[in-house]
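Printed here is data-v7.cif (mmCIF, C-alpha atoms):
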data_coords
#
loop_
_atom_site.label_atom_id
_atom_site.label_comp_id
_atom_site.auth_asym_id
_atom_site.auth_seq_id
_atom_site.Cartn_x
_atom_site.Cartn_y
_atom_site.Cartn_z
CA MET A 67 -95.19 -17.40 -56.15
CA ASP A 68 -93.54 -18.90 -59.21
CA TRP A 69 -90.57 -16.81 -60.40
CA ARG A 70 -89.99 -19.12 -63.39
CA ARG A 71 -92.10 -16.73 -65.39
CA ARG A 72 -92.04 -12.95 -65.42
CA VAL A 73 -94.43 -11.52 -62.88
CA THR A 74 -95.46 -7.90 -62.64
CA LEU A 75 -96.96 -6.75 -59.36
CA PHE A 76 -98.65 -3.43 -58.84
CA GLU A 77 -98.66 -3.15 -55.07
CA SER A 78 -99.87 -0.64 -52.51
CA THR A 79 -96.39 0.83 -52.31
CA GLY A 80 -96.96 2.82 -55.49
CA VAL A 81 -94.04 0.79 -56.80
CA ARG A 82 -94.03 -1.61 -59.71
CA ILE A 83 -91.97 -4.68 -58.97
CA VAL A 84 -90.96 -6.86 -61.90
CA ARG A 85 -89.15 -10.11 -61.21
CA SER A 86 -87.91 -12.80 -63.56
CA ARG A 87 -86.06 -16.05 -63.00
CA ARG A 88 -83.32 -16.85 -65.46
CA LEU A 89 -81.32 -20.06 -65.58
CA ALA A 90 -77.57 -19.46 -65.74
CA LEU A 91 -75.10 -21.88 -67.37
CA ALA A 92 -74.36 -23.37 -63.96
CA SER A 93 -78.11 -23.80 -63.30
CA ALA A 94 -78.05 -20.97 -60.76
CA VAL A 95 -81.19 -18.95 -60.22
CA ALA A 96 -81.02 -15.20 -60.87
CA VAL A 97 -83.80 -12.90 -59.77
CA VAL A 98 -83.98 -9.55 -61.50
CA VAL A 99 -85.88 -6.85 -59.63
CA THR A 100 -86.78 -3.60 -61.38
CA LEU A 101 -88.39 -0.72 -59.53
CA ALA A 102 -90.31 2.09 -61.18
CA VAL A 103 -92.47 4.71 -59.49
CA PRO A 104 -95.58 5.71 -61.48
CA SER A 105 -96.28 9.42 -61.85
CA SER A 106 -99.47 8.99 -59.79
CA ALA A 107 -97.59 7.68 -56.74
CA SER A 108 -97.38 9.66 -53.52
CA ALA A 109 -94.25 11.74 -53.06
CA ASP A 110 -93.90 10.43 -49.48
CA ALA A 111 -91.06 7.91 -49.11
CA THR A 112 -90.71 6.65 -52.68
CA THR A 113 -86.93 6.24 -52.87
CA THR A 114 -85.79 2.66 -52.34
CA LEU A 115 -83.44 2.28 -49.41
CA ALA A 116 -83.34 -1.52 -49.23
CA LEU A 117 -85.17 -4.40 -50.92
CA TYR A 118 -85.12 -7.89 -49.48
CA ALA A 119 -86.61 -10.13 -52.17
CA MET A 120 -86.45 -13.24 -49.94
CA SER A 121 -85.30 -15.26 -52.95
CA GLU A 122 -82.28 -16.94 -51.35
CA ALA A 123 -81.76 -20.64 -51.99
CA LYS A 124 -81.78 -23.27 -49.26
CA GLY A 125 -78.55 -23.21 -47.30
CA SER A 126 -77.99 -19.48 -47.76
CA HIS A 127 -76.91 -17.39 -44.79
CA THR A 128 -76.89 -13.87 -46.28
CA LEU A 129 -80.08 -11.83 -46.54
CA VAL A 130 -79.44 -10.04 -49.81
CA ASP A 131 -80.40 -6.42 -50.41
CA SER A 132 -81.40 -6.33 -54.08
CA SER A 133 -81.61 -2.53 -54.24
CA GLY A 134 -77.94 -2.12 -55.12
CA HIS A 135 -77.18 -0.40 -51.80
CA HIS A 136 -75.68 -3.60 -50.35
CA ILE A 137 -77.40 -3.33 -46.97
CA ASN A 138 -77.19 -7.08 -46.53
CA GLY A 139 -78.15 -9.00 -43.43
CA THR A 140 -78.08 -12.46 -41.87
CA ILE A 141 -80.64 -15.23 -42.31
CA GLY A 142 -81.47 -17.09 -39.11
CA GLY A 143 -80.55 -20.75 -38.98
CA GLU A 144 -84.17 -21.76 -38.28
CA VAL A 145 -85.68 -19.79 -41.18
CA LEU A 146 -86.99 -21.98 -44.02
CA LEU A 147 -85.95 -20.91 -47.52
CA SER A 148 -87.78 -21.83 -50.70
CA GLY A 149 -86.13 -19.51 -53.21
CA THR A 150 -89.28 -17.37 -53.34
CA ALA A 151 -90.08 -16.59 -49.69
CA HIS A 152 -88.79 -16.87 -46.13
CA THR A 153 -90.93 -18.94 -43.78
CA PHE A 154 -90.64 -18.51 -40.04
CA PRO A 155 -91.81 -21.79 -38.44
CA TYR A 156 -94.06 -22.13 -35.43
CA LEU A 157 -92.74 -21.10 -32.03
CA ARG A 158 -94.62 -20.06 -28.94
CA PRO A 159 -94.15 -16.29 -28.61
CA ASN A 160 -93.43 -16.35 -24.87
CA THR A 161 -92.11 -19.81 -23.91
CA PRO A 162 -88.40 -20.37 -23.08
CA PRO A 163 -85.85 -20.77 -24.46
CA ALA A 164 -85.18 -17.89 -26.83
CA HIS A 165 -84.56 -18.81 -30.48
CA PRO A 166 -82.34 -16.13 -32.07
CA GLY A 167 -82.10 -18.36 -35.16
CA HIS A 168 -85.77 -17.61 -35.83
CA LEU A 169 -84.89 -14.09 -36.98
CA ASP A 170 -83.60 -12.41 -40.10
CA THR A 171 -81.31 -9.60 -38.96
CA VAL A 172 -79.80 -6.52 -40.61
CA ALA A 173 -77.28 -4.55 -38.53
CA SER A 174 -77.02 -1.19 -40.29
CA SER A 175 -77.57 2.39 -39.16
CA LEU A 176 -78.61 3.16 -42.76
CA LEU A 177 -82.01 1.67 -41.93
CA ASN A 178 -82.73 4.23 -39.20
CA PRO A 179 -85.69 6.44 -40.16
CA GLY A 180 -84.01 9.53 -38.73
CA THR A 181 -86.35 12.46 -39.45
CA ARG A 182 -87.11 11.36 -43.01
CA ASP A 183 -90.36 10.23 -44.55
CA TYR A 184 -89.98 6.48 -44.12
CA ALA A 185 -92.01 3.50 -45.32
CA VAL A 186 -91.89 -0.24 -44.68
CA ASN A 187 -93.65 -2.44 -47.24
CA LEU A 188 -94.15 -6.19 -46.92
CA ARG A 189 -95.95 -8.96 -48.77
CA LEU A 190 -96.76 -11.73 -46.31
CA LYS A 191 -99.21 -14.40 -45.18
CA TRP A 192 -99.87 -16.08 -41.83
CA THR A 193 -102.54 -17.71 -39.68
CA ASN A 194 -101.31 -17.31 -36.09
CA ARG A 195 -102.58 -14.54 -33.80
CA PHE A 196 -99.39 -13.03 -32.44
CA GLY A 197 -95.91 -11.74 -33.10
CA ASN A 198 -93.69 -8.84 -34.12
CA ILE A 199 -93.29 -8.89 -37.89
CA ILE A 200 -90.46 -6.36 -38.26
CA GLN A 201 -88.82 -3.84 -35.97
CA LYS A 202 -85.77 -1.72 -35.29
CA GLY A 203 -85.28 -1.27 -31.58
CA GLN A 204 -87.73 -2.19 -28.86
CA THR A 205 -89.30 -0.57 -25.81
CA GLY A 206 -86.68 1.42 -23.89
CA ALA A 207 -84.23 1.64 -26.79
CA VAL A 208 -82.15 4.83 -26.72
CA GLY A 209 -82.89 6.77 -29.90
CA GLY A 210 -86.43 5.45 -30.36
CA TRP A 211 -87.85 2.51 -32.28
CA PHE A 212 -90.44 1.34 -34.77
CA LYS A 213 -92.23 -1.95 -35.28
CA ILE A 214 -95.01 -3.69 -37.15
CA GLN A 215 -96.80 -6.29 -35.05
CA ALA A 216 -99.92 -8.46 -35.34
CA PRO A 217 -101.70 -9.06 -32.01
CA GLY A 218 -104.90 -11.00 -32.64
CA GLY A 219 -104.01 -10.99 -36.35
CA ILE A 220 -104.63 -7.22 -36.53
CA VAL A 221 -101.57 -5.48 -37.96
CA GLN A 222 -100.33 -2.47 -36.02
CA CYS A 223 -97.65 -0.01 -37.10
CA LEU A 224 -95.91 1.99 -34.34
CA PHE A 225 -93.23 4.69 -34.45
CA HIS A 226 -91.67 6.08 -31.24
CA GLY A 227 -89.21 8.94 -31.60
CA SER A 228 -87.87 12.11 -30.02
CA ALA A 229 -91.16 14.01 -30.50
CA GLY A 230 -93.56 11.30 -29.37
CA GLN A 231 -95.32 8.15 -30.53
CA ALA A 232 -97.93 7.50 -33.21
CA GLY A 233 -99.46 4.28 -34.41
CA VAL A 234 -102.20 2.88 -36.63
CA GLY A 235 -103.88 -0.50 -37.11
CA SER A 236 -105.49 -2.50 -39.89
CA GLY A 237 -108.85 -2.56 -38.07
CA ARG A 238 -109.47 -6.19 -38.97
CA PRO A 239 -107.51 -9.43 -38.67
CA LEU A 240 -105.35 -10.26 -41.69
CA ASN A 241 -104.13 -13.68 -40.52
CA ASP A 242 -106.30 -15.55 -43.02
CA GLY A 243 -103.50 -17.45 -44.75
CA GLN A 244 -103.79 -15.25 -47.86
CA TRP A 245 -101.09 -12.96 -49.23
CA HIS A 246 -101.43 -9.34 -48.14
CA VAL A 247 -99.36 -6.26 -48.91
CA ILE A 248 -98.85 -3.96 -45.93
CA ARG A 249 -97.40 -0.45 -46.19
CA CYS A 250 -96.59 1.59 -43.08
CA LEU A 251 -95.59 5.18 -43.81
CA ARG A 252 -94.22 7.70 -41.30
CA THR A 253 -93.94 11.36 -42.28
CA ALA A 254 -93.14 14.47 -40.24
CA THR A 255 -96.81 14.83 -39.28
CA GLN A 256 -98.52 11.46 -39.50
CA VAL A 257 -98.46 7.65 -39.73
CA VAL A 258 -100.44 5.95 -42.49
CA MET A 259 -101.24 2.28 -43.16
CA ALA A 260 -102.34 0.78 -46.46
CA VAL A 261 -103.50 -2.83 -46.89
CA ASP A 262 -103.60 -4.34 -50.38
CA GLY A 263 -103.48 -0.91 -51.99
CA VAL A 264 -106.13 0.76 -49.83
CA VAL A 265 -105.40 3.26 -47.06
CA VAL A 266 -107.09 1.86 -43.95
CA ALA A 267 -105.78 4.10 -41.17
CA ARG A 268 -104.17 7.48 -40.65
CA LYS A 269 -102.96 9.08 -37.40
CA THR A 270 -101.81 12.67 -37.13
CA GLY A 271 -98.87 13.26 -34.85
CA ALA A 272 -95.17 14.01 -34.98
CA THR A 273 -92.71 11.30 -33.93
CA GLY A 274 -89.45 13.16 -34.56
CA ASN A 275 -86.05 11.55 -34.88
CA ILE A 276 -85.70 7.75 -34.70
CA SER A 277 -82.08 6.68 -34.75
CA ASN A 278 -80.74 3.78 -32.69
CA THR A 279 -77.91 1.25 -32.69
CA TRP A 280 -80.19 -1.80 -32.74
CA PRO A 281 -80.43 -4.16 -35.71
CA LEU A 282 -83.51 -4.37 -37.86
CA THR A 283 -85.09 -7.77 -37.19
CA ILE A 284 -87.77 -9.74 -38.95
CA ALA A 285 -90.08 -12.12 -37.01
CA GLY A 286 -89.28 -11.16 -33.43
CA LYS A 287 -87.25 -9.20 -30.91
CA PRO A 288 -83.44 -9.31 -31.00
CA ARG A 289 -82.90 -8.94 -27.25
CA CYS A 290 -85.12 -11.23 -25.20
CA ASP A 291 -84.94 -14.30 -22.99
CA GLN A 292 -88.58 -15.43 -22.91
CA VAL A 293 -88.49 -14.96 -19.12
CA GLN A 294 -87.97 -11.29 -18.29
CA VAL A 295 -88.52 -10.12 -21.88
CA THR A 296 -90.72 -12.10 -24.28
CA CYS A 297 -89.45 -12.53 -27.84
CA ASP A 298 -92.87 -12.13 -29.52
CA TYR A 299 -91.94 -14.44 -32.38
CA TRP A 300 -93.99 -14.07 -35.55
CA VAL A 301 -94.90 -17.17 -37.56
CA GLY A 302 -95.62 -17.09 -41.29
CA SER A 303 -94.13 -16.42 -44.72
CA ILE A 304 -92.75 -13.19 -46.23
CA ASP A 305 -92.31 -12.66 -49.95
CA TYR A 306 -90.44 -9.36 -49.76
CA VAL A 307 -89.56 -6.41 -47.55
CA LEU A 308 -89.14 -3.03 -49.25
CA ILE A 309 -87.90 -0.06 -47.22
CA GLN A 310 -88.20 3.43 -48.68
CA ALA A 311 -87.16 6.87 -47.46
CA ASN A 312 -87.07 10.44 -48.74
#
Go ahead and express the file in the form of structure tokens.
Amino acid sequence: MDWRRRVTLFESTGVRIVRSRRLALASAVAVVVTLAVPSSASADATTTLALYAMSEAKGSHTLVDSSGHHINGTIGGEVLLSGTAHTFPYLRPNTPPAHPGHLDTVASSLLNPGTRDYAVNLRLKWTNRFGNIIQKGQTGAVGGWFKIQAPGGIVQCLFHGSAGQAGVGSGRPLNDGQWHVIRCLRTATQVVMAVDGVVVARKTGATGNISNTWPLTIAGKPRCDQVQVTCDYWVGSIDYVLIQAN
């Protein structure tokens, strides 16, 4: 996507994202992100907690939170940066050795869902049939976990907390190499998935509190060795990650 012109996106998040690229005197690129919630948007998880615009220049190491909350992270050394998206290059999901540099990582307890309404929104494209797209914690993590994964190209959204587990899926493969917007919403009573602005799945069930000490990772598991625990690396490009909570 070309940020040299102003682009307005009305996405499935119920959030309007406006970006513009401005050339500074030193020829630096500035990306301005403005968020506005239309009156017709759902009241569930509409407050921005963190926004990762994936607009870092080549050579950058800091994953910048553009929301103003400064929940910054670290860009993996193997992640390809274009200034408009992060691309996670091909790796086998279960073949040694592990590649921790494949991941973007944010180590902050502020990203725990807790008991709040909580939504993860992504714009992404890919063609492979495997991988964990984003997660905080993994199976066995004290305090629970959540993840968005794509086995067989079908996106699944799973939340596991103190009251139980609930998950939903896209119902069809989305690994067609086209940009898609995914929204996974967890409330006190259900989990909902929307794809490209359309709700495709809804599962009733309480998940309770999710609060762990694990980092949020993008494109794979943070603790794995590809022998005892597979890393489930995801391969593709992500335009942005928007996390919301109420």
(request) Please check which residues have atoms at most 12 Å from (-103.6, -14.6, -43.4) in the file's coordinates, counting all atoms listed in the file, and write them as a PyMOL selection string. (result) chain A and resi 189-196+216+218-221+238-248+301-304
The selected residues should be written to file as a PDB file, in the coordinates of the input (atoms: C-alpha atoms).
ATOM      1  CA  ARG A 189     -95.950  -8.960 -48.770  1.00  0.00           C
ATOM      2  CA  LEU A 190     -96.760 -11.730 -46.310  1.00  0.00           C
ATOM      3  CA  LYS A 191     -99.210 -14.400 -45.180  1.00  0.00           C
ATOM      4  CA  TRP A 192     -99.870 -16.080 -41.830  1.00  0.00           C
ATOM      5  CA  THR A 193    -102.540 -17.710 -39.680  1.00  0.00           C
ATOM      6  CA  ASN A 194    -101.310 -17.310 -36.090  1.00  0.00           C
ATOM      7  CA  ARG A 195    -102.580 -14.540 -33.800  1.00  0.00           C
ATOM      8  CA  PHE A 196     -99.390 -13.030 -32.440  1.00  0.00           C
ATOM      9  CA  ALA A 216     -99.920  -8.460 -35.340  1.00  0.00           C
ATOM     10  CA  GLY A 218    -104.900 -11.000 -32.640  1.00  0.00           C
ATOM     11  CA  GLY A 219    -104.010 -10.990 -36.350  1.00  0.00           C
ATOM     12  CA  ILE A 220    -104.630  -7.220 -36.530  1.00  0.00           C
ATOM     13  CA  VAL A 221    -101.570  -5.480 -37.960  1.00  0.00           C
ATOM     14  CA  ARG A 238    -109.470  -6.190 -38.970  1.00  0.00           C
ATOM     15  CA  PRO A 239    -107.510  -9.430 -38.670  1.00  0.00           C
ATOM     16  CA  LEU A 240    -105.350 -10.260 -41.690  1.00  0.00           C
ATOM     17  CA  ASN A 241    -104.130 -13.680 -40.520  1.00  0.00           C
ATOM     18  CA  ASP A 242    -106.300 -15.550 -43.020  1.00  0.00           C
ATOM     19  CA  GLY A 243    -103.500 -17.450 -44.750  1.00  0.00           C
ATOM     20  CA  GLN A 244    -103.790 -15.250 -47.860  1.00  0.00           C
ATOM     21  CA  TRP A 245    -101.090 -12.960 -49.230  1.00  0.00           C
ATOM     22  CA  HIS A 246    -101.430  -9.340 -48.140  1.00  0.00           C
ATOM     23  CA  VAL A 247     -99.360  -6.260 -48.910  1.00  0.00           C
ATOM     24  CA  ILE A 248     -98.850  -3.960 -45.930  1.00  0.00           C
ATOM     25  CA  VAL A 301     -94.900 -17.170 -37.560  1.00  0.00           C
ATOM     26  CA  GLY A 302     -95.620 -17.090 -41.290  1.00  0.00           C
ATOM     27  CA  SER A 303     -94.130 -16.420 -44.720  1.00  0.00           C
ATOM     28  CA  ILE A 304     -92.750 -13.190 -46.230  1.00  0.00           C
TER      29      ILE A 304
END
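A straight line drawn from CA of Ala272 in chain A to CA of Cys290 in chain A is 28.9 Å long.
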(request) May I ask for the distance between CA of Asn312 in chain A and CA of Val258 in chain A, given in Å to one decimal place? (result) 15.4 Å
(request) Expand the PyMOL selection byres ((chain A and resi 198) around 8) into the individual residues it matches in the shown file, reporting them as a ChimeraX atom specification. (result) /A:196-197,199-201,213-216,284-287,298-300
(request) Return the single residue from A:Cys297, A:Val261, A:Ile309, A:Ala111 that is closest to His135 in chain A, with distances computed using only C-alpha atoms. (result)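 For His135 in chain A, the nearest of the given residues is A:Ile309.
With all atoms listed in the file as the atoms that count, the minimum distance from Ser121 in chain A to the choices A:His136, A:Leu147, A:His226, A:Gly142 is reached by A:Leu147.
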(message) I'd like to see the residues matched by the PyMOL selection byres ((chain A and resi 265-270) around 10) on this file, and ideally I'd get them as a ChimeraX atom specification.
(response) /A:78,222-223,232-238,248-264,271-273
(message) I want to know what sits within 8 Å of Thr296 in chain A, based on all atoms listed in the file, with residues of the same chain fewer than 5 positions away left out; could you give that as a VMD selection string?
(response) chain A and resid 159 to 161 290 to 291
Write range 249-260 of chain A as an mmCIF file, in the frame of the given file, completed to all heavy atoms.
data_model
loop_
_atom_site.group_PDB
_atom_site.id
_atom_site.type_symbol
_atom_site.label_atom_id
_atom_site.label_comp_id
_atom_site.auth_asym_id
_atom_site.auth_seq_id
_atom_site.Cartn_x
_atom_site.Cartn_y
_atom_site.Cartn_z
ATOM 1 N N ARG A 249 -98.306 -1.611 -46.086
ATOM 2 C CA ARG A 249 -97.400 -0.450 -46.190
ATOM 3 C C ARG A 249 -97.626 0.427 -44.962
ATOM 4 O O ARG A 249 -98.744 0.880 -44.703
ATOM 5 C CB ARG A 249 -97.671 0.355 -47.451
ATOM 6 C CG ARG A 249 -96.853 1.663 -47.561
ATOM 7 C CD ARG A 249 -97.099 2.331 -48.903
ATOM 8 N NE ARG A 249 -96.548 3.665 -49.006
ATOM 9 C CZ ARG A 249 -95.285 3.964 -49.340
ATOM 10 N NH1 ARG A 249 -94.426 2.990 -49.572
ATOM 11 N NH2 ARG A 249 -94.879 5.212 -49.436
ATOM 12 N N CYS A 250 -96.553 0.668 -44.214
ATOM 13 C CA CYS A 250 -96.590 1.590 -43.080
ATOM 14 C C CYS A 250 -95.698 2.775 -43.422
ATOM 15 O O CYS A 250 -94.493 2.614 -43.641
ATOM 16 C CB CYS A 250 -96.092 0.916 -41.810
ATOM 17 S SG CYS A 250 -97.281 -0.227 -41.106
ATOM 18 N N LEU A 251 -96.290 3.960 -43.444
ATOM 19 C CA LEU A 251 -95.590 5.180 -43.810
ATOM 20 C C LEU A 251 -95.553 6.140 -42.639
ATOM 21 O O LEU A 251 -96.590 6.428 -42.033
ATOM 22 C CB LEU A 251 -96.292 5.842 -45.002
ATOM 23 C CG LEU A 251 -95.879 7.272 -45.341
ATOM 24 C CD1 LEU A 251 -94.450 7.320 -45.867
ATOM 25 C CD2 LEU A 251 -96.861 7.879 -46.358
ATOM 26 N N ARG A 252 -94.362 6.657 -42.319
ATOM 27 C CA ARG A 252 -94.220 7.700 -41.300
ATOM 28 C C ARG A 252 -93.704 8.947 -41.988
ATOM 29 O O ARG A 252 -92.679 8.919 -42.689
ATOM 30 C CB ARG A 252 -93.206 7.237 -40.235
ATOM 31 C CG ARG A 252 -93.114 8.113 -38.970
ATOM 32 C CD ARG A 252 -92.387 9.443 -39.165
ATOM 33 N NE ARG A 252 -91.013 9.340 -39.626
ATOM 34 C CZ ARG A 252 -89.945 9.438 -38.844
ATOM 35 N NH1 ARG A 252 -90.086 9.647 -37.563
ATOM 36 N NH2 ARG A 252 -88.720 9.366 -39.371
ATOM 37 N N THR A 253 -94.406 10.073 -41.797
ATOM 38 C CA THR A 253 -93.940 11.360 -42.280
ATOM 39 C C THR A 253 -93.698 12.270 -41.072
ATOM 40 O O THR A 253 -93.841 11.849 -39.934
ATOM 41 C CB THR A 253 -94.943 12.014 -43.238
ATOM 42 O OG1 THR A 253 -96.078 12.476 -42.487
ATOM 43 C CG2 THR A 253 -95.405 11.040 -44.312
ATOM 44 N N ALA A 254 -93.384 13.525 -41.337
ATOM 45 C CA ALA A 254 -93.140 14.470 -40.240
ATOM 46 C C ALA A 254 -94.386 14.718 -39.412
ATOM 47 O O ALA A 254 -94.284 15.116 -38.247
ATOM 48 C CB ALA A 254 -92.611 15.791 -40.796
ATOM 49 N N THR A 255 -95.564 14.449 -39.967
ATOM 50 C CA THR A 255 -96.810 14.830 -39.280
ATOM 51 C C THR A 255 -97.804 13.708 -39.082
ATOM 52 O O THR A 255 -98.834 13.914 -38.454
ATOM 53 C CB THR A 255 -97.517 15.944 -40.075
ATOM 54 O OG1 THR A 255 -97.810 15.463 -41.403
ATOM 55 C CG2 THR A 255 -96.647 17.186 -40.167
ATOM 56 N N GLN A 256 -97.524 12.506 -39.610
ATOM 57 C CA GLN A 256 -98.520 11.460 -39.500
ATOM 58 C C GLN A 256 -97.936 10.077 -39.745
ATOM 59 O O GLN A 256 -96.816 9.922 -40.231
ATOM 60 C CB GLN A 256 -99.664 11.699 -40.494
ATOM 61 C CG GLN A 256 -99.225 11.639 -41.949
ATOM 62 C CD GLN A 256 -100.368 11.887 -42.909
ATOM 63 O OE1 GLN A 256 -101.537 11.763 -42.571
ATOM 64 N NE2 GLN A 256 -100.034 12.244 -44.152
ATOM 65 N N VAL A 257 -98.737 9.051 -39.399
ATOM 66 C CA VAL A 257 -98.460 7.650 -39.730
ATOM 67 C C VAL A 257 -99.661 7.128 -40.500
ATOM 68 O O VAL A 257 -100.808 7.363 -40.109
ATOM 69 C CB VAL A 257 -98.207 6.813 -38.460
ATOM 70 C CG1 VAL A 257 -98.037 5.341 -38.813
ATOM 71 C CG2 VAL A 257 -96.973 7.318 -37.721
ATOM 72 N N VAL A 258 -99.385 6.427 -41.612
ATOM 73 C CA VAL A 258 -100.440 5.950 -42.490
ATOM 74 C C VAL A 258 -100.223 4.465 -42.782
ATOM 75 O O VAL A 258 -99.095 4.032 -43.010
ATOM 76 C CB VAL A 258 -100.457 6.726 -43.831
ATOM 77 C CG1 VAL A 258 -101.610 6.258 -44.725
ATOM 78 C CG2 VAL A 258 -100.536 8.224 -43.583
ATOM 79 N N MET A 259 -101.315 3.689 -42.782
ATOM 80 C CA MET A 259 -101.240 2.280 -43.160
ATOM 81 C C MET A 259 -102.124 2.020 -44.365
ATOM 82 O O MET A 259 -103.274 2.476 -44.420
ATOM 83 C CB MET A 259 -101.664 1.357 -42.020
ATOM 84 C CG MET A 259 -101.640 -0.127 -42.410
ATOM 85 S SD MET A 259 -102.239 -1.247 -41.112
ATOM 86 C CE MET A 259 -100.896 -1.115 -39.943
ATOM 87 N N ALA A 260 -101.559 1.269 -45.321
ATOM 88 C CA ALA A 260 -102.340 0.780 -46.460
ATOM 89 C C ALA A 260 -102.286 -0.739 -46.463
ATOM 90 O O ALA A 260 -101.246 -1.333 -46.156
ATOM 91 C CB ALA A 260 -101.804 1.335 -47.769
#
